[in-house]
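Asks: Got a structure for you, written out below as structure tokens; questions coming shortly.
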Amino acid sequence: MIYLHDGHIREIGMDWSTLIQRIDEIIRIKENGDCVHPLKPYLRFRAPENRIIAMPAFVGGNVNMSGIKWIASFPGNSLHGLPRAHNTIILNHPLTGEPVAVIYSGLLNGLRTAAVSGLMLKAFIEARRLESVRIGIIGWGPVGQMHLAMCRALLGDRLERVHLYDLKGIDPATVPEEVRNITDIADTWQPVYRNADVLATCTVSEERYINEKPSKGMLLLNVSLRDYTTDSVAGVKAIVVDEWMEVCRENTDVEQLHLMTGLQESDVLTLSDILCRDGLAAYDDHETVFFNPMGLAVFDIGIASYYYHEAKRFGKGIGLDKG
């Protein structure tokens, strides 16, 4: 059994093409019925704003791995100089149940999140045949910065402009040097929202603040899930989720659309619909696409399995004695 942390993940490297392809592969395995991921429970105690989520899953096919993600989110940690989230994954051999890896890595959580967004973005730009893209990111924490890294790798020369905003301000030195000359840092969220073709919301906002309808033809990557007022997105027809039962709860924007406007599972597309049934073809280029990924355990186990095998291949990680 091996132990991996952020340092090992960085040593192995971040190949966005490979990670996005991994998510694509997992969706197709899931479509074939060779995945299991029970609805994840939320553990709350004492302070209701804190939560720990259990995310067990099995991914078959060429991935062939089982395990559980155990992620704690404590918003008040920032006051004590600690990360908001703590991400731990245990991988188990699918034939024997034997634990083969323990991974403690916030980086891995961000990689999975951005890779899922990357797959949606890839499908969007292919369906719309986009030659250039203006990216907007609201929230310049680790997840926001990782989304820009993913967009740079995926879009290359098609990345026309970058628009950024964070409530706490953004130090220009934190913007990658390669894109500083095409990056605008805004004082409010509105210019970012209005000037982007693709907008990623990567905040920890406690209140919904986006109260304007999106421009026609945008892709909204609603990573943080709770940024849009219901009125702002109530008219969007192309709503995409990773899994309806997961995302229509916990006060997400999708749940609010369900409660306030009657949105039903039959009204939305899934990633499987997009990849396996050309779901975006039903909408013209002027239709906004609203993507709401709650985060599925199969993606976490699949990405963790990739890094586990890469760690074995390169001799990374710390061996643990099973006693």
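The way I read the labels, and the way they are meant: chains A, B, ... in the order of the structure tokens, residue 1 as the first residue of every chain, and ligand 1 as the first ligand shown, with later ones counted on from there.
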What lies within 12 Å of Thr96 in chain A using only C-alpha atoms, ignoring chain neighbours under 5 positions off, as JSON, numbers by chain?
Replies: {"A": [65, 66, 91]}
Asks: Kindly save the residues from that selection, with all heavy atoms included, as a PDB file, in the first residue's frame.
Replies:
```pdb
ATOM      1  N   MET A  65     -11.358  -0.034 -10.528  1.00  0.00           N
ATOM      2  CA  MET A  65     -10.904   0.365  -9.196  1.00  0.00           C
ATOM      3  C   MET A  65     -12.111   0.734  -8.342  1.00  0.00           C
ATOM      4  O   MET A  65     -13.110   1.278  -8.831  1.00  0.00           O
ATOM      5  CB  MET A  65      -9.946   1.558  -9.280  1.00  0.00           C
ATOM      6  CG  MET A  65      -9.350   1.971  -7.946  1.00  0.00           C
ATOM      7  SD  MET A  65      -8.296   0.678  -7.191  1.00  0.00           S
ATOM      8  CE  MET A  65      -6.855   0.798  -8.276  1.00  0.00           C
ATOM      9  N   SER A  66     -12.027   0.443  -7.061  1.00  0.00           N
ATOM     10  CA  SER A  66     -13.048   0.856  -6.110  1.00  0.00           C
ATOM     11  C   SER A  66     -12.393   1.688  -5.019  1.00  0.00           C
ATOM     12  O   SER A  66     -11.170   1.684  -4.858  1.00  0.00           O
ATOM     13  CB  SER A  66     -13.757  -0.367  -5.501  1.00  0.00           C
ATOM     14  OG  SER A  66     -12.809  -1.223  -4.883  1.00  0.00           O
ATOM     15  N   LEU A  91      -8.183   3.828  -1.921  1.00  0.00           N
ATOM     16  CA  LEU A  91      -8.457   2.945  -3.054  1.00  0.00           C
ATOM     17  C   LEU A  91      -8.370   1.494  -2.598  1.00  0.00           C
ATOM     18  O   LEU A  91      -7.454   1.123  -1.845  1.00  0.00           O
ATOM     19  CB  LEU A  91      -7.457   3.188  -4.188  1.00  0.00           C
ATOM     20  CG  LEU A  91      -7.470   4.582  -4.826  1.00  0.00           C
ATOM     21  CD1 LEU A  91      -6.392   4.669  -5.911  1.00  0.00           C
ATOM     22  CD2 LEU A  91      -8.839   4.917  -5.395  1.00  0.00           C
TER      23      LEU A  91
END
```
Asks: Using DSSP secondary structure from the backbone, list all helix (DSSP H, G or I) positions within range 160-213 of chain A, as a ChimeraX atom specification.
Replies: /A:172-174,177-182,189-195
Asks: With N, CA and C atoms retained, could you export that selection as an mmCIF file, in the first residue's frame?
Replies:
```cif
data_model
loop_
_atom_site.group_PDB
_atom_site.id
_atom_site.type_symbol
_atom_site.label_atom_id
_atom_site.label_comp_id
_atom_site.auth_asym_id
_atom_site.auth_seq_id
_atom_site.Cartn_x
_atom_site.Cartn_y
_atom_site.Cartn_z
ATOM 1 N N PRO A 172 -1.935 40.698 -9.695
ATOM 2 C CA PRO A 172 -1.579 40.354 -11.078
ATOM 3 C C PRO A 172 -0.440 39.345 -11.185
ATOM 4 N N ALA A 173 0.423 39.304 -10.174
ATOM 5 C CA ALA A 173 1.548 38.362 -10.213
ATOM 6 C C ALA A 173 1.085 36.911 -10.126
ATOM 7 N N THR A 174 -0.156 36.682 -9.652
ATOM 8 C CA THR A 174 -0.668 35.306 -9.576
ATOM 9 C C THR A 174 -1.235 34.827 -10.912
ATOM 10 N N GLU A 177 2.264 34.149 -16.394
ATOM 11 C CA GLU A 177 2.928 35.132 -17.239
ATOM 12 C C GLU A 177 2.520 35.008 -18.704
ATOM 13 N N GLU A 178 2.263 33.782 -19.142
ATOM 14 C CA GLU A 178 1.952 33.541 -20.551
ATOM 15 C C GLU A 178 0.651 34.206 -21.000
ATOM 16 N N VAL A 179 -0.244 34.510 -20.052
ATOM 17 C CA VAL A 179 -1.535 35.097 -20.445
ATOM 18 C C VAL A 179 -1.782 36.465 -19.810
ATOM 19 N N ARG A 180 -0.781 37.036 -19.158
ATOM 20 C CA ARG A 180 -0.999 38.334 -18.511
ATOM 21 C C ARG A 180 -1.371 39.421 -19.510
ATOM 22 N N ASN A 181 -0.807 39.373 -20.698
ATOM 23 C CA ASN A 181 -1.079 40.428 -21.685
ATOM 24 C C ASN A 181 -2.472 40.341 -22.286
ATOM 25 N N ILE A 182 -3.187 39.240 -22.047
ATOM 26 C CA ILE A 182 -4.564 39.121 -22.541
ATOM 27 C C ILE A 182 -5.557 38.997 -21.383
ATOM 28 N N TRP A 189 -17.979 41.613 -10.457
ATOM 29 C CA TRP A 189 -18.210 40.417 -11.253
ATOM 30 C C TRP A 189 -18.863 40.721 -12.590
ATOM 31 N N GLN A 190 -19.550 41.857 -12.693
ATOM 32 C CA GLN A 190 -20.351 42.134 -13.890
ATOM 33 C C GLN A 190 -19.541 42.171 -15.190
ATOM 34 N N PRO A 191 -18.397 42.870 -15.264
ATOM 35 C CA PRO A 191 -17.648 42.866 -16.527
ATOM 36 C C PRO A 191 -17.179 41.470 -16.941
ATOM 37 N N VAL A 192 -16.837 40.648 -15.973
ATOM 38 C CA VAL A 192 -16.407 39.284 -16.276
ATOM 39 C C VAL A 192 -17.563 38.502 -16.878
ATOM 40 N N TYR A 193 -18.710 38.620 -16.265
ATOM 41 C CA TYR A 193 -19.919 37.912 -16.710
ATOM 42 C C TYR A 193 -20.362 38.376 -18.095
ATOM 43 N N ARG A 194 -20.273 39.666 -18.336
ATOM 44 C CA ARG A 194 -20.789 40.235 -19.578
ATOM 45 C C ARG A 194 -19.845 40.037 -20.766
ATOM 46 N N ASN A 195 -18.571 39.878 -20.504
ATOM 47 C CA ASN A 195 -17.597 39.836 -21.599
ATOM 48 C C ASN A 195 -17.069 38.441 -21.934
#
```
Asks: Go through range 125-158 of chain A and flag each residue having an atom no more than 10 Å from range 115-118 of chain A; for those, report the closest pair of atoms plus their distance in Å to one decimal, using only C-alpha atoms, ordered by chain and rising number, as a Markdown table.
Replies:
```
| residue | atom | partner | partner_atom | distance |
| --- | --- | --- | --- | --- |
| A:Met146 | CA | A:Ala115 | CA | 9.4 |
| A:His147 | CA | A:Ser117 | CA | 7.9 |
| A:Met150 | CA | A:Gly118 | CA | 6.7 |
| A:Cys151 | CA | A:Gly118 | CA | 7.2 |
| A:Ala153 | CA | A:Gly118 | CA | 9.7 |
| A:Leu154 | CA | A:Gly118 | CA | 7.4 |
| A:Leu155 | CA | A:Gly118 | CA | 9.9 |
```
Asks: Just N, CA, C and O atoms for this one: save the residues we selected as a compact mmCIF listing (two decimals), in the first residue's frame.
Replies:
```
# COMPACT_ATOMS: atom_id res chain seq x y z
N MET A 146 -6.87 26.71 -11.23
CA MET A 146 -6.74 25.46 -11.95
C MET A 146 -7.60 25.45 -13.20
O MET A 146 -7.23 24.85 -14.22
N HIS A 147 -8.74 26.11 -13.15
CA HIS A 147 -9.58 26.20 -14.35
C HIS A 147 -8.89 27.00 -15.44
O HIS A 147 -9.00 26.65 -16.63
N MET A 150 -6.33 24.71 -16.99
CA MET A 150 -7.00 23.75 -17.88
C MET A 150 -7.39 24.42 -19.19
O MET A 150 -7.17 23.86 -20.28
N CYS A 151 -7.98 25.62 -19.12
CA CYS A 151 -8.40 26.32 -20.33
C CYS A 151 -7.22 26.65 -21.22
O CYS A 151 -7.32 26.55 -22.46
N ALA A 153 -4.44 24.96 -21.51
CA ALA A 153 -3.98 23.72 -22.14
C ALA A 153 -4.96 23.25 -23.21
O ALA A 153 -4.54 22.78 -24.28
N LEU A 154 -6.25 23.39 -22.95
CA LEU A 154 -7.25 22.89 -23.88
C LEU A 154 -7.42 23.80 -25.10
O LEU A 154 -7.55 23.33 -26.23
N LEU A 155 -7.39 25.11 -24.87
CA LEU A 155 -7.70 26.05 -25.95
C LEU A 155 -6.48 26.48 -26.74
O LEU A 155 -6.59 26.77 -27.94
```
Asks: Calculate how many Å separate CA of Glu206 in chain A from CA of Glu49 in chain A, rounding to one decimal.
Replies: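 Atom-to-atom, CA of Glu206 in chain A and CA of Glu49 in chain A are spaced 10.0 Å apart.
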Asks: Can you list, as a list in words, every protein, DNA or RNA residue that comes within 10 Å of Tyr283 in chain A when you count only C-alpha atoms, leaving out same-chain residues fewer than 3 positions away?
Replies: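 After dropping sequence-adjacent residues, the list is Ala127, Arg128, Gly217, Lys237, Ala238, Gly279, Leu280, His286, Glu287, Thr288 and Val289 of chain A.
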Asks: Any idea what's packed within 8 Å of range 220-224 of chain A, counting only C-alpha atoms, ignoring anything in its chain fewer than 3 positions away? Could you give it as a list in words?
Replies: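 That gives Thr113, Ser117, Val198, Leu199, Ala200, Thr201, Cys202, Thr203, Val204, Asp227, Thr288, Val289, Phe290, Phe291, Asn292, Pro293 and Met294 of chain A.
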Asks: Pick out the residues sitting within 10 Å of range 9-23 of chain A, and hand them over as a ChimeraX atom specification; count only C-alpha atoms, and ignore anything fewer than 4 positions along from it in its own chain.
Replies: /A:4-5,27-29,63,103,105,107-108,111-112,114-120,122,149-154,298-300,302-304,306-308,310-311,313-317
Asks: Could you write out that same residue set with C-alpha atoms as a short mmCIF file (atom, residue, chain, number, x, y, z; two decimals), in the first residue's frame?
Replies:
```
data_model
loop_
_atom_site.label_atom_id
_atom_site.label_comp_id
_atom_site.auth_asym_id
_atom_site.auth_seq_id
_atom_site.Cartn_x
_atom_site.Cartn_y
_atom_site.Cartn_z
CA LEU A 4 0.40 9.92 -1.84
CA HIS A 5 0.13 13.65 -1.13
CA ILE A 27 -18.66 8.53 -18.47
CA ARG A 28 -18.71 5.88 -21.19
CA ILE A 29 -18.03 3.11 -18.65
CA VAL A 63 -10.12 1.67 -14.80
CA ILE A 103 -4.20 9.71 -0.87
CA SER A 105 -4.54 15.69 -1.63
CA LEU A 107 -4.79 19.19 -5.43
CA LEU A 108 -6.43 15.98 -6.62
CA LEU A 111 -7.79 18.40 -10.79
CA ARG A 112 -10.95 16.31 -10.93
CA ALA A 114 -11.30 21.20 -13.60
CA ALA A 115 -11.07 18.05 -15.73
CA VAL A 116 -14.86 17.60 -15.62
CA SER A 117 -15.27 21.27 -16.62
CA GLY A 118 -12.71 20.67 -19.35
CA LEU A 119 -14.72 17.83 -20.84
CA MET A 120 -17.85 20.00 -20.93
CA LYS A 122 -14.36 20.55 -25.08
CA ALA A 149 -4.59 26.26 -16.36
CA MET A 150 -7.00 23.75 -17.88
CA CYS A 151 -8.40 26.32 -20.33
CA ARG A 152 -4.91 27.34 -21.44
CA ALA A 153 -3.98 23.72 -22.14
CA LEU A 154 -7.25 22.89 -23.88
CA VAL A 298 -16.63 7.76 -9.97
CA PHE A 299 -14.64 10.71 -11.31
CA ASP A 300 -12.63 11.02 -8.10
CA GLY A 302 -11.00 7.25 -11.64
CA ILE A 303 -8.57 10.19 -11.36
CA ALA A 304 -7.10 8.82 -8.13
CA TYR A 306 -4.72 7.10 -12.64
CA TYR A 307 -2.31 8.77 -10.19
CA TYR A 308 -1.95 5.57 -8.19
CA GLU A 310 1.45 6.50 -12.36
CA ALA A 311 2.98 6.57 -8.87
CA ARG A 313 5.19 3.32 -12.61
CA PHE A 314 7.51 6.16 -11.55
CA GLY A 315 8.28 4.88 -8.06
CA LYS A 316 6.57 7.79 -6.29
CA GLY A 317 4.82 7.76 -2.93
#
```
Asks: Which one of A:Ile68, A:Ile138, A:Leu257, A:Ile53 sits closest to Lys40 in chain A if you count only C-alpha atoms?
Replies: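 Using only C-alpha atoms, Lys40 in chain A sits closest to A:Ile53.
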Asks: Tell me, in Å to one decimal, how far CA of Ser205 in chain A is from CA of Asp166 in chain A.
Replies: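 The value is 10.7 Å.
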Asks: For Ile210 in chain A, work out the shell of residues within 10 Å, counting only C-alpha atoms and skipping chain neighbours fewer than 2 positions away, then give it as a PyMOL selection string.
Replies: chain A and resi 189-190+193+201+207-208+212-214+226-233
Asks: Can you write just those residues out, C-alpha atoms, as a CSV table (one decimal), in the first residue's frame?
Replies:
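After the write, again_13.csv holds the following:
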```
chain,number,residue,atom,x,y,z
A,189,TRP,CA,-18.2,40.4,-11.3
A,190,GLN,CA,-20.4,42.1,-13.9
A,193,TYR,CA,-19.9,37.9,-16.7
A,201,THR,CA,-17.9,30.4,-11.1
A,207,GLU,CA,-25.4,34.3,-1.1
A,208,ARG,CA,-26.4,34.2,-4.8
A,212,GLU,CA,-28.4,39.2,-14.7
A,213,LYS,CA,-29.5,36.9,-17.5
A,214,PRO,CA,-26.5,35.5,-19.4
A,226,ARG,CA,-24.8,28.4,-5.7
A,227,ASP,CA,-24.0,31.7,-7.5
A,228,TYR,CA,-27.0,32.4,-9.7
A,229,THR,CA,-30.4,33.8,-8.7
A,230,THR,CA,-33.2,31.7,-10.0
A,231,ASP,CA,-34.5,34.6,-12.2
A,232,SER,CA,-31.1,34.9,-13.9
A,233,VAL,CA,-31.1,31.4,-15.3
```
